[in-house]
Amino acid sequence: MSANFVRFGPVALLALLAVSACSSGDSKSPSTTPELAGHTFLSTGVEGTPIPGGGPLTLAFKDDRIAADAGCNSYSGAVTLDDHKLRVSGLASTLMACAGDRQGADEWLNGLLNSDPTWQLDGPKLTLKSDNLTVILLDKKVAVPDKPIKGTTWVVTALITSDAQIRSQTIDEVKPTLTIAEDGSVTGTAGCNRMTGRATGPDAEPTFQIATTKMLCPVEVMDVEQSVLKALDGKTTATVDADILTLRNANGNGLTLRAQ
């Protein structure tokens, strides 16, 4: 698969391109099982080659689809689980260049997924086994219970538009943050400037009123900041999945944030 950013101005927009993945699946239509469908699992141990960069491996199952991430790019595709064999096909990937040890995470992940590993579910524990690798995973709801929206410091990891999710090196470097106190007061950083304000309404539908300081930063940082402020301008919907907060604004902008 390609490994290039598609850039729109100073912010790197990750194109999601379909790629063919080796699969030894048969001609039967994909079908997940009720045991895994609707669940997300996080790796807690690896026997064999460790995940470059440390992972963790995240596997999410929904209907006949799988989403996977080992610390670099995110993959998605069709999955079958017949005969306790995990078989993938038609994988698509984000196209982010990853630094350091994480550069090898995608190769490790592809090796696992395309080996048609066996799977076994014991309560919240999922075990995947290939010829030379065993990965132990735990249901995300057990491994990482949902964080409270209020009182948690959230770090922006991606910007959401009406038709894309944007990750970039600039976002990773400036690390915009958001904290909503129990009384509704808001503090954080938009990328360049400090934020203060309030969030009113129920936790699941906070309405933001934000003010910032007036510093100037490089253009690419200011572009990230403007996107963050658009997402925090007025009414939003908020959902938490373990340590991930997703905010979506009625104006079409949004944020993905991780608990610090």
# chains A, B, ... in the order shown; residues from 1 in each chain; ligands from 1

$ select_by_dssp --residues "stretch 56-210 of chain A" --states "strand (DSSP E)" --output "PyMOL selection string"
chain A and resi 58-62+65-69+74-80+87-93+118-122+125-129+134-139+153-160+165-166+177-180+185-189+194-200+207-210

$ select_by_dssp --residues "stretch 96-217 of chain A" --states "helix (DSSP H, G or I)" --output "list in words"
Gly100, Asp101, Arg102, Gln103, Gly104, Ala105, Asp106, Glu107, Trp108, Leu109, Asn110, Gly111, Leu112, Leu113, Lys140, Lys141, Val142, Ala143, Gln169, Thr170, Ile171, Asp172, Glu173 and Val174 of chain A

$ closest_residue --among "A:Gly234, A:Pro56, A:Pro206, A:Gly71" --to "A:Met96" --atoms "only C-alpha atoms"
A:Gly71

$ closest_residue --among "A:Arg65, A:His39, A:Arg87, A:Arg258" --to "A:Val142" --atoms "only C-alpha atoms"
A:His39

$ closest_residue --among "A:Gly77, A:Pro124, A:Gly90, A:Gly100" --to "A:Leu42" --atoms "only C-alpha atoms"
A:Pro124

$ atom_distance --atom1 "atom CA of A:Ala199" --atom2 "atom CA of A:Val240"
16.4 Å

$ closest_residue --among "A:Thr207, A:Gln165, A:Gln120, A:Thr157" --to "A:Thr256" --atoms "only C-alpha atoms"
A:Thr157

$ atom_distance --atom1 "atom CA of A:Ile210" --atom2 "atom CA of A:Lys230"
10.0 Å

$ residues_around --residues "stretch 139-141 of chain A" --least-positions-apart "5" --cutoff "12 Å" --atoms "only C-alpha atoms" --output "JSON list (two decimals) with all heavy atoms, in the first residue's frame"
[["chain", "number", "residue", "atom", "x", "y", "z"],
["A", 35, "GLU", "N", -20.21, -13.65, 19.40],
["A", 35, "GLU", "CA", -19.22, -13.59, 20.47],
["A", 35, "GLU", "C", -18.30, -12.39, 20.34],
["A", 35, "GLU", "O", -17.91, -11.78, 21.32],
["A", 35, "GLU", "CB", -18.37, -14.87, 20.47],
["A", 35, "GLU", "CG", -19.15, -16.13, 20.79],
["A", 35, "GLU", "CD", -18.28, -17.36, 20.65],
["A", 35, "GLU", "OE1", -18.06, -17.80, 19.52],
["A", 35, "GLU", "OE2", -17.81, -17.87, 21.69],
["A", 36, "LEU", "N", -17.91, -12.04, 19.11],
["A", 36, "LEU", "CA", -16.95, -10.96, 18.89],
["A", 36, "LEU", "C", -17.60, -9.68, 18.37],
["A", 36, "LEU", "O", -17.07, -8.59, 18.60],
["A", 36, "LEU", "CB", -15.87, -11.41, 17.90],
["A", 36, "LEU", "CG", -15.01, -12.60, 18.30],
["A", 36, "LEU", "CD1", -13.92, -12.85, 17.26],
["A", 36, "LEU", "CD2", -14.37, -12.40, 19.67],
["A", 37, "ALA", "N", -18.70, -9.80, 17.64],
["A", 37, "ALA", "CA", -19.32, -8.63, 17.02],
["A", 37, "ALA", "C", -19.68, -7.59, 18.08],
["A", 37, "ALA", "O", -20.24, -7.90, 19.13],
["A", 37, "ALA", "CB", -20.56, -9.04, 16.25],
["A", 38, "GLY", "N", -19.33, -6.34, 17.79],
["A", 38, "GLY", "CA", -19.63, -5.25, 18.70],
["A", 38, "GLY", "C", -18.62, -5.04, 19.80],
["A", 38, "GLY", "O", -18.81, -4.18, 20.66],
["A", 39, "HIS", "N", -17.52, -5.82, 19.79],
["A", 39, "HIS", "CA", -16.52, -5.71, 20.84],
["A", 39, "HIS", "C", -15.19, -5.20, 20.28],
["A", 39, "HIS", "O", -14.83, -5.46, 19.13],
["A", 39, "HIS", "CB", -16.29, -7.07, 21.51],
["A", 39, "HIS", "CG", -17.45, -7.54, 22.32],
["A", 39, "HIS", "ND1", -17.58, -7.28, 23.67],
["A", 39, "HIS", "CD2", -18.55, -8.24, 21.97],
["A", 39, "HIS", "CE1", -18.70, -7.81, 24.12],
["A", 39, "HIS", "NE2", -19.32, -8.41, 23.10],
["A", 40, "THR", "N", -14.46, -4.49, 21.12],
["A", 40, "THR", "CA", -13.11, -4.02, 20.81],
["A", 40, "THR", "C", -12.16, -4.63, 21.83],
["A", 40, "THR", "O", -12.47, -4.69, 23.03],
["A", 40, "THR", "CB", -13.04, -2.49, 20.88],
["A", 40, "THR", "OG1", -13.92, -1.94, 19.89],
["A", 40, "THR", "CG2", -11.61, -2.00, 20.60],
["A", 41, "PHE", "N", -11.00, -5.09, 21.35],
["A", 41, "PHE", "CA", -10.03, -5.76, 22.21],
["A", 41, "PHE", "C", -8.68, -5.05, 22.14],
["A", 41, "PHE", "O", -8.27, -4.57, 21.08],
["A", 41, "PHE", "CB", -9.86, -7.22, 21.79],
["A", 41, "PHE", "CG", -11.12, -8.04, 21.92],
["A", 41, "PHE", "CD1", -12.05, -8.09, 20.89],
["A", 41, "PHE", "CD2", -11.37, -8.75, 23.10],
["A", 41, "PHE", "CE1", -13.21, -8.83, 21.02],
["A", 41, "PHE", "CE2", -12.54, -9.50, 23.22],
["A", 41, "PHE", "CZ", -13.45, -9.53, 22.18],
["A", 42, "LEU", "N", -7.97, -5.02, 23.27],
["A", 42, "LEU", "CA", -6.64, -4.44, 23.37],
["A", 42, "LEU", "C", -5.64, -5.52, 23.77],
["A", 42, "LEU", "O", -5.93, -6.32, 24.66],
["A", 42, "LEU", "CB", -6.59, -3.32, 24.41],
["A", 42, "LEU", "CG", -7.48, -2.09, 24.20],
["A", 42, "LEU", "CD1", -7.32, -1.14, 25.37],
["A", 42, "LEU", "CD2", -7.13, -1.40, 22.89],
["A", 43, "SER", "N", -4.47, -5.53, 23.13],
["A", 43, "SER", "CA", -3.47, -6.53, 23.47],
["A", 43, "SER", "C", -2.88, -6.26, 24.85],
["A", 43, "SER", "O", -2.61, -5.12, 25.22],
["A", 43, "SER", "CB", -2.36, -6.57, 22.42],
["A", 43, "SER", "OG", -1.64, -5.35, 22.40],
["A", 44, "THR", "N", -2.69, -7.34, 25.60],
["A", 44, "THR", "CA", -2.06, -7.25, 26.91],
["A", 44, "THR", "C", -0.77, -8.06, 26.99],
["A", 44, "THR", "O", -0.02, -7.94, 27.95],
["A", 44, "THR", "CB", -3.02, -7.75, 28.01],
["A", 44, "THR", "OG1", -3.41, -9.11, 27.72],
["A", 44, "THR", "CG2", -4.27, -6.89, 28.06],
["A", 56, "PRO", "N", -0.41, -0.60, 21.92],
["A", 56, "PRO", "CA", -0.93, -1.97, 21.86],
["A", 56, "PRO", "C", -1.65, -2.24, 20.55],
["A", 56, "PRO", "O", -1.94, -1.31, 19.78],
["A", 56, "PRO", "CB", -1.94, -2.01, 23.02],
["A", 56, "PRO", "CG", -2.47, -0.61, 23.07],
["A", 56, "PRO", "CD", -1.29, 0.28, 22.73],
["A", 57, "LEU", "N", -1.93, -3.51, 20.29],
["A", 57, "LEU", "CA", -2.79, -3.88, 19.18],
["A", 57, "LEU", "C", -4.24, -3.67, 19.58],
["A", 57, "LEU", "O", -4.65, -4.10, 20.66],
["A", 57, "LEU", "CB", -2.55, -5.35, 18.81],
["A", 57, "LEU", "CG", -3.56, -5.98, 17.84],
["A", 57, "LEU", "CD1", -3.49, -5.31, 16.48],
["A", 57, "LEU", "CD2", -3.32, -7.48, 17.72],
["A", 58, "THR", "N", -5.00, -3.00, 18.72],
["A", 58, "THR", "CA", -6.43, -2.81, 18.93],
["A", 58, "THR", "C", -7.19, -3.50, 17.81],
["A", 58, "THR", "O", -6.90, -3.26, 16.63],
["A", 58, "THR", "CB", -6.81, -1.32, 18.94],
["A", 58, "THR", "OG1", -6.07, -0.64, 19.97],
["A", 58, "THR", "CG2", -8.29, -1.13, 19.21],
["A", 59, "LEU", "N", -8.12, -4.36, 18.15],
["A", 59, "LEU", "CA", -8.98, -5.02, 17.17],
["A", 59, "LEU", "C", -10.43, -4.73, 17.52],
["A", 59, "LEU", "O", -10.85, -4.94, 18.67],
["A", 59, "LEU", "CB", -8.76, -6.54, 17.18],
["A", 59, "LEU", "CG", -7.41, -7.08, 16.72],
["A", 59, "LEU", "CD1", -7.41, -8.60, 16.79],
["A", 59, "LEU", "CD2", -7.08, -6.62, 15.30],
["A", 60, "ALA", "N", -11.19, -4.25, 16.55],
["A", 60, "ALA", "CA", -12.61, -3.96, 16.76],
["A", 60, "ALA", "C", -13.42, -4.73, 15.72],
["A", 60, "ALA", "O", -13.10, -4.72, 14.53],
["A", 60, "ALA", "CB", -12.87, -2.46, 16.63],
["A", 61, "PHE", "N", -14.47, -5.38, 16.18],
["A", 61, "PHE", "CA", -15.33, -6.18, 15.31],
["A", 61, "PHE", "C", -16.72, -5.57, 15.26],
["A", 61, "PHE", "O", -17.33, -5.30, 16.30],
["A", 61, "PHE", "CB", -15.43, -7.62, 15.83],
["A", 61, "PHE", "CG", -14.11, -8.34, 15.88],
["A", 61, "PHE", "CD1", -13.29, -8.26, 17.00],
["A", 61, "PHE", "CD2", -13.68, -9.10, 14.80],
["A", 61, "PHE", "CE1", -12.08, -8.92, 17.06],
["A", 61, "PHE", "CE2", -12.47, -9.76, 14.84],
["A", 61, "PHE", "CZ", -11.67, -9.68, 15.97],
["A", 121, "LEU", "N", -12.01, -17.26, 22.34],
["A", 121, "LEU", "CA", -12.54, -16.29, 23.29],
["A", 121, "LEU", "C", -12.88, -16.99, 24.59],
["A", 121, "LEU", "O", -13.65, -17.95, 24.61],
["A", 121, "LEU", "CB", -13.78, -15.61, 22.71],
["A", 121, "LEU", "CG", -14.38, -14.46, 23.53],
["A", 121, "LEU", "CD1", -13.41, -13.29, 23.60],
["A", 121, "LEU", "CD2", -15.71, -14.01, 22.93],
["A", 122, "ASP", "N", -12.29, -16.52, 25.68],
["A", 122, "ASP", "CA", -12.56, -17.03, 27.02],
["A", 122, "ASP", "C", -13.00, -15.86, 27.89],
["A", 122, "ASP", "O", -12.16, -15.11, 28.40],
["A", 122, "ASP", "CB", -11.32, -17.69, 27.62],
["A", 122, "ASP", "CG", -10.86, -18.90, 26.82],
["A", 122, "ASP", "OD1", -11.66, -19.83, 26.65],
["A", 122, "ASP", "OD2", -9.71, -18.89, 26.34],
["A", 123, "GLY", "N", -14.32, -15.68, 28.01],
["A", 123, "GLY", "CA", -14.81, -14.51, 28.73],
["A", 123, "GLY", "C", -14.38, -13.25, 28.02],
["A", 123, "GLY", "O", -14.60, -13.10, 26.81],
["A", 124, "PRO", "N", -13.73, -12.32, 28.72],
["A", 124, "PRO", "CA", -13.27, -11.09, 28.07],
["A", 124, "PRO", "C", -11.92, -11.23, 27.36],
["A", 124, "PRO", "O", -11.46, -10.28, 26.73],
["A", 124, "PRO", "CB", -13.15, -10.10, 29.24],
["A", 124, "PRO", "CG", -12.78, -10.96, 30.40],
["A", 124, "PRO", "CD", -13.52, -12.28, 30.18],
["A", 125, "LYS", "N", -11.29, -12.42, 27.45],
["A", 125, "LYS", "CA", -9.95, -12.62, 26.88],
["A", 125, "LYS", "C", -10.02, -13.26, 25.50],
["A", 125, "LYS", "O", -10.62, -14.31, 25.33],
["A", 125, "LYS", "CB", -9.08, -13.47, 27.81],
["A", 125, "LYS", "CG", -7.63, -13.60, 27.32],
["A", 125, "LYS", "CD", -6.79, -14.41, 28.28],
["A", 125, "LYS", "CE", -7.05, -15.89, 28.17],
["A", 125, "LYS", "NZ", -6.08, -16.71, 28.93],
["A", 126, "LEU", "N", -9.38, -12.61, 24.52],
["A", 126, "LEU", "CA", -9.28, -13.13, 23.16],
["A", 126, "LEU", "C", -7.83, -13.52, 22.89],
["A", 126, "LEU", "O", -6.92, -12.73, 23.13],
["A", 126, "LEU", "CB", -9.72, -12.07, 22.15],
["A", 126, "LEU", "CG", -9.54, -12.40, 20.67],
["A", 126, "LEU", "CD1", -10.43, -13.57, 20.26],
["A", 126, "LEU", "CD2", -9.85, -11.17, 19.81],
["A", 127, "THR", "N", -7.61, -14.72, 22.37],
["A", 127, "THR", "CA", -6.27, -15.19, 22.04],
["A", 127, "THR", "C", -6.18, -15.46, 20.55],
["A", 127, "THR", "O", -7.01, -16.18, 19.99],
["A", 127, "THR", "CB", -5.93, -16.49, 22.80],
["A", 127, "THR", "OG1", -6.05, -16.25, 24.21],
["A", 127, "THR", "CG2", -4.51, -16.93, 22.50],
["A", 146, "ASP", "N", -14.66, 3.19, 30.72],
["A", 146, "ASP", "CA", -14.93, 4.53, 30.20],
["A", 146, "ASP", "C", -14.50, 5.61, 31.19],
["A", 146, "ASP", "O", -14.83, 5.57, 32.37],
["A", 146, "ASP", "CB", -16.42, 4.71, 29.91],
["A", 146, "ASP", "CG", -16.88, 3.90, 28.71],
["A", 146, "ASP", "OD1", -16.03, 3.37, 28.00],
["A", 146, "ASP", "OD2", -18.11, 3.82, 28.50],
["A", 147, "LYS", "N", -13.74, 6.56, 30.68],
["A", 147, "LYS", "CA", -13.33, 7.71, 31.49],
["A", 147, "LYS", "C", -14.48, 8.70, 31.60],
["A", 147, "LYS", "O", -15.29, 8.85, 30.67],
["A", 147, "LYS", "CB", -12.13, 8.41, 30.84],
["A", 147, "LYS", "CG", -10.85, 7.59, 30.82],
["A", 147, "LYS", "CD", -10.20, 7.59, 32.18],
["A", 147, "LYS", "CE", -8.82, 6.95, 32.12],
["A", 147, "LYS", "NZ", -8.15, 6.96, 33.43],
["A", 240, "VAL", "N", -18.02, 8.66, 24.79],
["A", 240, "VAL", "CA", -16.78, 8.14, 25.36],
["A", 240, "VAL", "C", -16.72, 6.63, 25.12],
["A", 240, "VAL", "O", -17.70, 5.92, 25.39],
["A", 240, "VAL", "CB", -16.67, 8.44, 26.87],
["A", 240, "VAL", "CG1", -15.41, 7.80, 27.45],
["A", 240, "VAL", "CG2", -16.66, 9.94, 27.11],
["A", 241, "ASP", "N", -15.60, 6.17, 24.62],
["A", 241, "ASP", "CA", -15.33, 4.74, 24.48],
["A", 241, "ASP", "C", -14.00, 4.47, 25.15],
["A", 241, "ASP", "O", -12.95, 4.78, 24.60],
["A", 241, "ASP", "CB", -15.29, 4.33, 23.01],
["A", 241, "ASP", "CG", -15.02, 2.85, 22.82],
["A", 241, "ASP", "OD1", -15.11, 2.09, 23.81],
["A", 241, "ASP", "OD2", -14.70, 2.44, 21.68],
["A", 242, "ALA", "N", -14.06, 3.96, 26.39],
["A", 242, "ALA", "CA", -12.85, 3.71, 27.18],
["A", 242, "ALA", "C", -12.13, 5.04, 27.42],
["A", 242, "ALA", "O", -12.64, 5.90, 28.12],
["A", 242, "ALA", "CB", -11.96, 2.68, 26.52],
["A", 243, "ASP", "N", -10.94, 5.23, 26.81],
["A", 243, "ASP", "CA", -10.18, 6.46, 27.02],
["A", 243, "ASP", "C", -10.24, 7.38, 25.82],
["A", 243, "ASP", "O", -9.41, 8.27, 25.66],
["A", 243, "ASP", "CB", -8.73, 6.14, 27.37],
["A", 243, "ASP", "CG", -8.01, 5.37, 26.27],
["A", 243, "ASP", "OD1", -8.69, 4.82, 25.37],
["A", 243, "ASP", "OD2", -6.77, 5.30, 26.30],
["A", 244, "ILE", "N", -11.23, 7.18, 24.94],
["A", 244, "ILE", "CA", -11.38, 8.00, 23.74],
["A", 244, "ILE", "C", -12.68, 8.80, 23.82],
["A", 244, "ILE", "O", -13.76, 8.24, 24.03],
["A", 244, "ILE", "CB", -11.40, 7.15, 22.46],
["A", 244, "ILE", "CG1", -10.10, 6.34, 22.33],
["A", 244, "ILE", "CG2", -11.59, 8.03, 21.22],
["A", 244, "ILE", "CD1", -8.85, 7.17, 22.20]]

$ atom_distance --atom1 "atom CA of A:Ile149" --atom2 "atom CA of A:Ile66"
27.1 Å

$ closest_residue --among "A:Thr170, A:Ser185, A:Asn193, A:Thr94" --to "A:Met215" --atoms "only C-alpha atoms"
A:Asn193

$ closest_residue --among "A:Leu257, A:Val144, A:Ala211, A:Ala250" --to "A:Leu178" --atoms "only C-alpha atoms"
A:Leu257
